[in-house]
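*Asks:* Dropping in start-v2.cif, which is mmCIF, C-alpha atoms:
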```
data_input
loop_
_atom_site.label_atom_id
_atom_site.label_comp_id
_atom_site.auth_asym_id
_atom_site.auth_seq_id
_atom_site.Cartn_x
_atom_site.Cartn_y
_atom_site.Cartn_z
CA MET B 1 94.33 -136.02 9.91
CA SER B 2 92.18 -132.93 10.13
CA ARG B 3 88.69 -133.23 11.65
CA TRP B 4 87.39 -131.25 8.70
CA GLU B 5 87.44 -133.26 5.48
CA PRO B 6 86.46 -131.42 2.31
CA ASP B 7 83.49 -133.10 0.58
CA ALA B 8 83.69 -136.13 2.88
CA ARG B 9 80.10 -137.13 2.04
CA GLY B 10 80.70 -137.04 -1.70
CA ARG B 11 84.01 -138.90 -1.37
CA LEU B 12 82.34 -141.63 0.68
CA LEU B 13 79.55 -141.93 -1.89
CA ARG B 14 81.98 -142.31 -4.79
CA ALA B 15 84.10 -144.81 -2.84
CA ALA B 16 81.03 -146.82 -1.80
CA LEU B 17 79.69 -146.99 -5.36
CA GLU B 18 83.07 -148.12 -6.71
CA LEU B 19 83.36 -150.85 -4.09
CA PHE B 20 79.73 -151.99 -4.37
CA ALA B 21 80.18 -152.25 -8.16
CA GLU B 22 83.44 -154.19 -7.77
CA HIS B 23 82.64 -156.56 -4.89
CA GLY B 24 78.90 -156.30 -4.31
CA TYR B 25 77.08 -154.43 -1.57
CA GLU B 26 77.01 -157.25 0.98
CA SER B 27 80.76 -157.96 0.78
CA THR B 28 81.87 -154.35 1.17
CA THR B 29 82.74 -153.14 4.67
CA THR B 30 82.63 -149.62 6.09
CA ALA B 31 86.39 -149.91 6.74
CA GLN B 32 87.00 -150.49 3.02
CA ILE B 33 84.78 -147.55 2.07
CA ALA B 34 86.55 -145.19 4.48
CA GLU B 35 89.96 -146.34 3.25
CA ARG B 36 89.03 -145.92 -0.43
CA ALA B 37 87.74 -142.43 0.35
CA GLY B 38 90.95 -141.55 2.19
CA LEU B 39 89.03 -141.01 5.43
CA THR B 40 88.85 -142.66 8.84
CA LYS B 41 86.02 -144.93 9.96
CA THR B 42 85.38 -142.36 12.69
CA THR B 43 84.67 -139.74 10.05
CA LEU B 44 82.38 -142.16 8.20
CA PHE B 45 80.37 -142.93 11.34
CA ARG B 46 80.23 -139.26 12.30
CA LEU B 47 78.35 -138.70 9.01
CA PHE B 48 76.42 -141.95 8.48
CA SER B 49 74.90 -144.63 10.71
CA ASP B 50 75.88 -147.42 8.28
CA LYS B 51 77.05 -148.11 4.73
CA ARG B 52 73.48 -148.12 3.45
CA GLU B 53 72.87 -144.53 4.43
CA ILE B 54 75.88 -143.32 2.40
CA VAL B 55 73.89 -144.14 -0.73
CA PHE B 56 70.79 -142.28 0.46
CA GLN B 57 72.53 -139.17 1.73
CA ALA B 58 70.52 -136.87 -0.57
CA GLN B 59 67.12 -137.86 0.82
CA ASP B 60 66.73 -135.01 3.33
CA GLU B 61 67.77 -132.45 0.72
CA LEU B 62 65.30 -133.85 -1.84
CA VAL B 63 62.52 -133.83 0.75
CA ALA B 64 63.27 -130.17 1.46
CA LEU B 65 63.29 -129.34 -2.27
CA VAL B 66 59.91 -130.86 -3.07
CA LYS B 67 58.42 -129.07 -0.06
CA ARG B 68 59.98 -125.76 -1.11
CA GLY B 69 58.62 -126.16 -4.63
CA VAL B 70 55.07 -126.33 -3.29
CA ASP B 71 55.55 -123.68 -0.61
CA GLU B 72 56.92 -121.16 -3.08
CA ALA B 73 54.22 -121.62 -5.75
CA ASP B 74 52.00 -118.63 -6.57
CA VAL B 75 48.99 -117.95 -4.38
CA GLY B 76 46.71 -118.43 -7.38
CA ALA B 77 48.21 -121.78 -8.44
CA SER B 78 45.72 -124.61 -9.05
CA PRO B 79 46.13 -127.87 -7.08
CA PHE B 80 47.74 -129.48 -10.12
CA GLU B 81 50.11 -126.52 -10.60
CA LEU B 82 51.14 -126.76 -6.94
CA MET B 83 52.16 -130.38 -7.46
CA VAL B 84 54.00 -129.53 -10.67
CA SER B 85 55.88 -126.79 -8.84
CA GLY B 86 56.99 -129.33 -6.23
CA VAL B 87 58.31 -131.90 -8.72
CA ARG B 88 59.86 -129.18 -10.87
CA VAL B 89 62.05 -127.93 -8.00
CA LEU B 90 62.80 -131.53 -6.98
CA SER B 91 63.88 -132.49 -10.50
CA GLY B 92 65.74 -129.22 -11.09
CA ALA B 93 68.32 -130.13 -8.45
CA HIS B 94 69.64 -133.04 -10.51
CA VAL B 95 72.73 -132.33 -12.57
CA ASP B 96 74.46 -134.55 -15.10
CA GLU B 97 76.72 -136.10 -12.45
CA HIS B 98 73.60 -137.61 -10.87
CA ARG B 99 72.79 -139.32 -14.15
CA ARG B 100 76.21 -141.00 -14.10
CA THR B 101 75.66 -141.95 -10.44
CA GLY B 102 72.25 -143.38 -11.33
CA ARG B 103 73.76 -145.59 -14.02
CA ILE B 104 76.20 -147.09 -11.50
CA LEU B 105 73.72 -147.24 -8.63
CA ASP B 106 70.62 -148.70 -10.27
CA PRO B 107 72.04 -152.21 -10.90
CA ILE B 108 73.50 -152.24 -7.37
CA LEU B 109 70.08 -151.39 -5.91
CA ALA B 110 68.39 -154.05 -8.01
CA ALA B 111 70.83 -156.71 -6.77
CA SER B 112 70.38 -156.00 -3.04
CA PRO B 113 67.03 -156.57 -1.26
CA GLU B 114 68.30 -154.41 1.63
CA LEU B 115 69.15 -151.45 -0.63
CA ASN B 116 66.01 -151.94 -2.67
CA GLU B 117 63.86 -151.78 0.47
CA ARG B 118 65.66 -148.60 1.51
CA ALA B 119 65.08 -147.11 -1.95
CA VAL B 120 61.36 -147.81 -1.61
CA PHE B 121 61.39 -146.03 1.74
CA LYS B 122 63.05 -143.00 0.12
CA ARG B 123 60.30 -142.89 -2.50
CA PHE B 124 57.70 -143.04 0.26
CA ALA B 125 59.45 -140.24 2.19
CA LEU B 126 59.32 -138.04 -0.92
CA THR B 127 55.64 -138.89 -1.43
CA VAL B 128 54.78 -138.03 2.17
CA ALA B 129 56.73 -134.76 1.96
CA LEU B 130 54.88 -133.74 -1.21
CA GLU B 131 51.54 -134.83 0.28
CA LYS B 132 52.11 -132.78 3.45
CA ALA B 133 53.18 -129.67 1.52
CA LEU B 134 50.14 -129.99 -0.76
CA PHE B 135 47.78 -130.59 2.17
CA ASN B 136 49.14 -127.44 3.78
CA ARG B 137 47.98 -125.46 0.75
CA LEU B 138 44.89 -127.44 -0.32
CA VAL B 139 43.40 -128.67 2.97
CA ASP B 140 41.93 -131.63 1.03
CA ARG B 141 43.59 -134.87 2.05
CA TRP B 142 42.39 -136.77 -1.05
CA GLU B 143 43.61 -134.15 -3.50
CA ALA B 144 46.92 -133.88 -1.63
CA GLY B 145 47.45 -137.64 -1.47
CA ALA B 146 46.41 -138.44 -5.04
CA LEU B 147 48.50 -135.58 -6.46
CA ALA B 148 51.53 -136.64 -4.41
CA ASP B 149 51.31 -140.16 -5.82
CA LEU B 150 51.05 -138.80 -9.35
CA GLY B 151 53.94 -136.33 -8.93
CA ILE B 152 56.37 -138.80 -7.40
CA ARG B 153 55.46 -141.47 -9.95
CA ALA B 154 56.24 -138.94 -12.69
CA TYR B 155 59.55 -138.10 -11.01
CA TYR B 156 60.64 -141.75 -10.89
CA LEU B 157 59.42 -142.57 -14.42
CA GLY B 158 61.16 -139.46 -15.77
CA TYR B 159 64.32 -140.31 -13.85
CA ASP B 160 64.45 -143.78 -15.42
CA VAL B 161 64.14 -142.35 -18.94
CA TRP B 162 66.74 -139.63 -18.20
CA VAL B 163 69.27 -142.12 -16.77
CA ALA B 164 68.83 -144.37 -19.83
CA SER B 165 69.18 -141.50 -22.30
CA ASP B 166 72.15 -139.50 -23.57
CA GLY B 167 70.27 -136.40 -24.67
CA PRO B 168 71.09 -132.90 -23.41
CA ALA B 169 67.62 -132.28 -21.92
CA PRO B 170 67.52 -131.89 -18.13
CA LEU B 171 65.68 -134.33 -15.87
CA THR B 172 62.86 -131.82 -15.46
CA SER B 173 61.86 -132.17 -19.14
CA TYR B 174 61.45 -135.91 -18.79
CA VAL B 175 59.53 -135.61 -15.53
CA LEU B 176 57.11 -133.03 -16.92
CA GLU B 177 56.49 -135.29 -19.92
CA GLN B 178 55.53 -138.06 -17.51
CA VAL B 179 53.29 -135.68 -15.56
CA THR B 180 51.38 -135.01 -18.80
CA HIS B 181 51.06 -138.74 -19.54
CA LEU B 182 49.77 -139.46 -16.04
CA GLN B 183 47.39 -136.51 -16.08
CA GLY B 184 45.88 -137.75 -19.36
CA ALA B 185 45.62 -141.29 -17.99
CA MET B 186 43.85 -140.07 -14.85
CA GLN B 187 41.41 -137.98 -16.88
CA ARG B 188 40.53 -141.01 -19.02
CA VAL B 189 40.09 -143.51 -16.20
CA THR B 190 38.31 -141.33 -13.63
CA ASN B 191 35.82 -139.75 -16.02
CA SER B 192 34.70 -142.87 -17.86
CA MET K 1 57.74 -182.46 19.48
CA SER K 2 56.02 -183.15 16.20
CA ARG K 3 57.44 -181.56 13.03
CA TRP K 4 53.92 -180.50 12.13
CA GLU K 5 52.63 -177.73 14.35
CA PRO K 6 48.99 -176.70 13.84
CA ASP K 7 48.71 -173.00 12.99
CA ALA K 8 52.37 -172.37 13.81
CA ARG K 9 52.38 -169.14 11.78
CA GLY K 10 49.34 -167.73 13.58
CA ARG K 11 50.70 -168.76 16.97
CA LEU K 12 54.02 -167.05 16.25
CA LEU K 13 52.22 -163.89 15.13
CA ARG K 14 50.12 -163.72 18.30
CA ALA K 15 53.15 -164.44 20.49
CA ALA K 16 55.25 -161.83 18.68
CA LEU K 17 52.56 -159.14 19.01
CA GLU K 18 52.14 -159.86 22.72
CA LEU K 19 55.88 -159.64 23.34
CA PHE K 20 56.40 -156.57 21.14
CA ALA K 21 53.58 -154.81 23.01
CA GLU K 22 55.02 -155.82 26.40
CA HIS K 23 58.75 -155.27 25.89
CA GLY K 24 59.10 -153.43 22.60
CA TYR K 25 60.15 -154.81 19.23
CA GLU K 26 63.89 -154.28 19.63
CA SER K 27 64.12 -156.04 23.00
CA THR K 28 62.20 -159.14 21.97
CA THR K 29 64.20 -162.16 20.78
CA THR K 30 63.18 -164.96 18.44
CA ALA K 31 63.80 -167.40 21.31
CA GLN K 32 61.21 -165.59 23.44
CA ILE K 33 58.69 -165.58 20.59
CA ALA K 34 59.12 -169.30 19.93
CA GLU K 35 58.79 -170.08 23.64
CA ARG K 36 55.65 -167.97 24.05
CA ALA K 37 54.15 -169.72 21.02
CA GLY K 38 55.03 -173.14 22.45
CA LEU K 39 57.27 -173.88 19.48
CA THR K 40 60.98 -174.44 18.91
CA LYS K 41 63.31 -171.84 17.39
CA THR K 42 63.90 -174.37 14.62
CA THR K 43 60.22 -174.25 13.72
CA LEU K 44 60.28 -170.45 13.79
CA PHE K 45 63.27 -170.26 11.44
CA ARG K 46 61.77 -172.91 9.17
CA LEU K 47 58.88 -170.50 8.60
CA PHE K 48 60.48 -167.04 8.88
CA SER K 49 63.91 -165.56 8.20
CA ASP K 50 63.68 -163.24 11.23
CA LYS K 51 61.26 -161.78 13.80
CA ARG K 52 60.31 -158.96 11.44
CA GLU K 53 58.90 -161.30 8.82
CA ILE K 54 56.51 -162.89 11.35
CA VAL K 55 54.56 -159.61 11.33
CA PHE K 56 54.43 -159.44 7.52
CA GLN K 57 53.50 -163.06 6.90
CA ALA K 58 50.30 -162.13 5.03
CA GLN K 59 52.06 -160.11 2.32
CA ASP K 60 52.30 -162.86 -0.31
CA GLU K 61 48.66 -163.80 0.20
CA LEU K 62 47.53 -160.17 -0.12
CA VAL K 63 49.62 -159.73 -3.28
CA ALA K 64 47.91 -162.81 -4.76
CA LEU K 65 44.47 -161.49 -3.79
CA VAL K 66 44.82 -158.09 -5.41
CA LYS K 67 46.12 -159.76 -8.57
CA ARG K 68 43.24 -162.25 -8.60
CA GLY K 69 40.72 -159.42 -8.19
CA VAL K 70 41.96 -157.80 -11.39
CA ASP K 71 42.44 -161.06 -13.31
CA GLU K 72 38.91 -162.23 -12.57
CA ALA K 73 37.14 -158.98 -13.49
CA ASP K 74 34.70 -159.06 -16.42
CA VAL K 75 36.08 -158.69 -19.92
CA GLY K 76 34.02 -155.54 -20.39
CA ALA K 77 35.21 -153.87 -17.17
CA SER K 78 36.51 -150.30 -17.52
CA PRO K 79 40.05 -149.51 -16.29
CA PHE K 80 38.60 -148.00 -13.13
CA GLU K 81 36.38 -151.05 -12.53
CA LEU K 82 39.40 -153.33 -12.95
CA MET K 83 41.20 -151.47 -10.17
CA VAL K 84 38.10 -151.55 -7.94
CA SER K 85 37.84 -155.30 -8.48
CA GLY K 86 41.44 -155.68 -7.30
CA VAL K 87 41.03 -153.69 -4.10
CA ARG K 88 37.63 -155.26 -3.43
CA VAL K 89 39.10 -158.78 -3.36
CA LEU K 90 42.11 -157.52 -1.37
CA SER K 91 39.89 -155.86 1.25
CA GLY K 92 37.39 -158.72 1.32
CA ALA K 93 39.98 -161.05 2.84
CA HIS K 94 40.12 -159.04 6.09
CA VAL K 95 37.98 -160.40 8.92
CA ASP K 96 37.33 -158.83 12.29
CA GLU K 97 40.34 -160.56 13.88
CA HIS K 98 42.56 -158.49 11.57
CA ARG K 99 41.03 -155.33 12.98
CA ARG K 100 42.05 -156.39 16.49
CA THR K 101 45.52 -157.30 15.19
CA GLY K 102 45.76 -153.88 13.54
CA ARG K 103 44.97 -152.12 16.80
CA ILE K 104 47.84 -153.90 18.54
CA LEU K 105 50.24 -153.72 15.62
CA ASP K 106 49.89 -150.10 14.48
CA PRO K 107 51.51 -148.48 17.56
CA ILE K 108 54.30 -151.10 17.43
CA LEU K 109 54.98 -150.25 13.78
CA ALA K 110 54.98 -146.53 14.52
CA ALA K 111 57.56 -146.99 17.30
CA SER K 112 60.07 -148.98 15.23
CA PRO K 113 61.87 -147.48 12.23
CA GLU K 114 62.81 -151.00 11.11
CA LEU K 115 59.21 -152.23 11.13
CA ASN K 116 57.95 -149.00 9.65
CA GLU K 117 60.35 -149.33 6.73
CA ARG K 118 59.20 -152.92 6.20
CA ALA K 119 55.57 -151.77 6.27
CA VAL K 120 56.33 -149.23 3.56
CA PHE K 121 57.88 -152.01 1.48
CA LYS K 122 54.72 -154.09 1.89
CA ARG K 123 52.63 -151.18 0.63
CA PHE K 124 54.95 -150.86 -2.37
CA ALA K 125 54.72 -154.61 -3.08
CA LEU K 126 50.92 -154.36 -3.14
CA THR K 127 51.10 -151.32 -5.43
CA VAL K 128 53.44 -153.10 -7.85
CA ALA K 129 51.23 -156.21 -7.84
CA LEU K 130 48.14 -154.14 -8.65
CA GLU K 131 50.04 -152.16 -11.28
CA LYS K 132 51.27 -155.34 -13.02
CA ALA K 133 47.83 -156.95 -13.00
CA LEU K 134 46.28 -153.77 -14.40
CA PHE K 135 49.00 -153.40 -17.03
CA ASN K 136 48.31 -156.96 -18.11
CA ARG K 137 44.72 -155.97 -18.91
CA LEU K 138 45.14 -152.33 -19.97
CA VAL K 139 48.52 -152.28 -21.74
CA ASP K 140 48.83 -148.60 -20.74
CA ARG K 141 51.61 -148.12 -18.19
CA TRP K 142 50.34 -144.69 -17.08
CA GLU K 143 46.78 -145.84 -16.50
CA ALA K 144 48.02 -148.96 -14.72
CA GLY K 145 50.44 -147.04 -12.48
CA ALA K 146 48.14 -144.16 -11.61
CA LEU K 147 45.23 -146.50 -10.86
CA ALA K 148 47.44 -148.72 -8.70
CA ASP K 149 48.50 -145.71 -6.61
CA LEU K 150 44.87 -144.66 -6.20
CA GLY K 151 43.64 -148.15 -5.30
CA ILE K 152 46.33 -148.89 -2.72
CA ARG K 153 45.97 -145.42 -1.19
CA ALA K 154 42.23 -146.10 -0.81
CA TYR K 155 42.99 -149.48 0.77
CA TYR K 156 45.31 -147.95 3.39
CA LEU K 157 43.05 -144.97 4.13
CA GLY K 158 40.04 -147.28 4.45
CA TYR K 159 42.03 -149.64 6.67
CA ASP K 160 42.91 -146.82 9.07
CA VAL K 161 39.26 -145.78 9.40
CA TRP K 162 38.13 -149.40 9.84
CA VAL K 163 40.75 -150.14 12.55
CA ALA K 164 39.72 -146.98 14.43
CA SER K 165 35.99 -147.73 14.20
CA ASP K 166 33.72 -150.17 16.02
CA GLY K 167 30.99 -150.37 13.40
CA PRO K 168 29.83 -153.66 11.87
CA ALA K 169 30.68 -152.66 8.28
CA PRO K 170 33.44 -154.71 6.63
CA LEU K 171 36.74 -153.18 5.55
CA THR K 172 35.58 -153.20 1.92
CA SER K 173 32.90 -150.56 2.64
CA TYR K 174 35.48 -148.17 4.05
CA VAL K 175 37.90 -148.80 1.19
CA LEU K 176 35.25 -148.21 -1.49
CA GLU K 177 34.27 -144.96 0.23
CA GLN K 178 37.91 -143.84 -0.03
CA VAL K 179 38.01 -144.90 -3.69
CA THR K 180 35.08 -142.55 -4.35
CA HIS K 181 36.78 -139.67 -2.49
CA LEU K 182 40.01 -140.16 -4.43
CA GLN K 183 38.21 -140.51 -7.76
CA GLY K 184 36.41 -137.19 -7.15
CA ALA K 185 39.65 -135.51 -6.11
CA MET K 186 41.43 -136.73 -9.24
CA GLN K 187 38.58 -135.55 -11.48
CA ARG K 188 38.76 -132.09 -9.90
CA VAL K 189 42.52 -131.65 -10.04
CA THR K 190 43.26 -133.16 -13.45
CA ASN K 191 40.43 -131.41 -15.34
CA SER K 192 40.93 -127.89 -14.00
#
```
Could I get this file's structure written as structure tokens?

*Replies:*
Amino acid sequence: MSRWEPDARGRLLRAALELFAEHGYESTTTAQIAERAGLTKTTLFRLFSDKREIVFQAQDELVALVKRGVDEADVGASPFELMVSGVRVLSGAHVDEHRRTGRILDPILAASPELNERAVFKRFALTVALEKALFNRLVDRWEAGALADLGIRAYYLGYDVWVASDGPAPLTSYVLEQVTHLQGAMQRVTNS
Amino acid sequence: MSRWEPDARGRLLRAALELFAEHGYESTTTAQIAERAGLTKTTLFRLFSDKREIVFQAQDELVALVKRGVDEADVGASPFELMVSGVRVLSGAHVDEHRRTGRILDPILAASPELNERAVFKRFALTVALEKALFNRLVDRWEAGALADLGIRAYYLGYDVWVASDGPAPLTSYVLEQVTHLQGAMQRVTNS
């Protein structure tokens, strides 16, 4: 078997999701995942520390995207526009295949405390990445932190609506709708 | 040895922190923690599923406190005041011994990815508890979610300042100062 396996990460993800859906996360072994993917365990462990990390393989890429969205925003962008630029680039990376993955993955996450805890850590990593990128531009830790919370909350709320829907609109539309809801809510509660 | 051990949970926490500080979290065993606490491993496992949970034993109590703070707020309280009531009761439970614990614990958490991930999950559990309690009063998911993020961020920021300081002021003072900073930041960024 060749050392180079085309799309080994994607094949392992699809195999893992199939097996987790069939037998549950706890009962599935890395050997089974590698076999289903047509790969060796050595290849699996060259790419991932354990079966849990197969599911969260996109985290580093998403962290880089949200950072890039802020970094690349116009010099004259307002603090709020900087945040929107971050979540827009983050959301823009999701294609329709990710919606299908989300539909399979979400019940698996909900059923496993271990995966659920890891999912919470991913959300925190995205929040910290957005906060750092915003702080780099704003130099106001409270604005950076509060905007990061709002942006990542919008991303997750929008993601849930997108995964549950069948419409042709991209994830970004749903996320920006949530940004508007949260912005309005914050205006109401902080000014009263 | 009696089945009933006075303050077994507190003794296990102090023993665990001592051992983690001396030998590191990874190298410390549950047997060593039980021995240092003058308890049996059976007692330890009756109270905690593993050594990690000893450190996070206060989570359920803190979740109940933040909920109670919202539930008990005046009928006429504004959304923002409801959130403040939640974090005020949450913060009010911390006595000076917790500041000393925090000073020992924080570097241990920072050095262990496993503990750090668990700490992030605790923060999320507090956020969800505050969000649910606020939603119960406000029936606006965006106000409840955005306020929960703001309140728990203030709690953690205030906690960090309190743990690093030697002043006589209680944690609540530091947290409320952070609430004010975050409220001002949100007013600036959402109205511009």

*Asks:* Given the file shown, enumerate the residues that the PyMOL selection byres ((chain K) within 8 of (chain B)) captures and present them as a list in words.

*Replies:*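 Output from the PyMOL selection byres ((chain K) within 8 of (chain B)), applied to this file: Ser78, Pro79, Phe80, Glu117, Arg118, Val120, Phe121, Phe124, Trp142, Glu143, Gly145, Ala146, Leu147, Asp149, Leu150, Arg153, His181, Leu182, Gln183, Gly184, Ala185, Met186, Gln187, Val189, Thr190, Asn191 and Ser192 of chain K.
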
*Asks:* With a distance cut-off of 12 Å and all atoms listed in the file, select the neighbouring residues of Gln57 of chain B, excluding the residue or stretch itself and same-chain residues fewer than 3 positions from it, and output the selection as a list in words.

*Replies:* Ala8, Arg9, Gly10, Arg11, Leu12, Leu13, Arg14, Ala16, Leu47, Phe48, Ser49, Asp50, Lys51, Arg52, Glu53, Ile54, Asp60, Glu61, Leu62, Val63, Arg118, Ala119 and Lys122 of chain B

*Asks:* The PyMOL selection byres ((chain K and resi 33) around 9) on the file shown: which residues, as a PyMOL selection string?

*Replies:* chain K and resi 12-13+15-16+18-19+28-32+34-39+41+44+51

*Asks:* To one decimal in Å, tell me the separation between atom CA of Gly76 of chain K and atom CA of Leu126 of chain K.

*Replies:*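 Separating atom CA of Gly76 of chain K from atom CA of Leu126 of chain K is a distance of 24.2 Å.
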
*Asks:* My list of candidates is B:Tyr155, B:Arg137, B:Phe56, B:Leu65. Which is closest to Ala77 of chain B when distances are computed with all atoms listed in the file?

*Replies:*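 Ranking B:Tyr155, B:Arg137, B:Phe56, B:Leu65 by distance to Ala77 of chain B, first place goes to B:Arg137.
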
*Asks:* Mind checking which residues fall within 9 Å of Ala21 of chain B, counting only C-alpha atoms, ignoring those fewer than 2 positions away in the same chain, and posting them as JSON, numbers by chain?

*Replies:* {"B": [16, 17, 18, 19, 23, 24, 25, 104, 105, 107, 108]}

*Asks:* For Ala133 of chain K, please output as a PyMOL selection string all residues within 6 Å (counting only C-alpha atoms; exclusion window: fewer than 3 positions along the same chain).

*Replies:* chain K and resi 67+130+136

*Asks:* For the selection you just gave me, I'd like the residues written to a file as a compact mmCIF listing (two decimals), in the coordinates of the input, keeping C-alpha atoms.

*Replies:*
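Once written, result23.txt looks like this:
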```txt
# COMPACT_ATOMS: atom_id res chain seq x y z
CA LYS K 67 46.12 -159.76 -8.57
CA LEU K 130 48.14 -154.14 -8.65
CA ASN K 136 48.31 -156.96 -18.11
```

*Asks:* Where does the PyMOL selection byres ((chain B and resi 172) around 9) land in this file, that is, which residues does it pick, as a PyMOL selection string?

*Replies:* chain B and resi 87-92+94+155+158-159+169-171+173-177
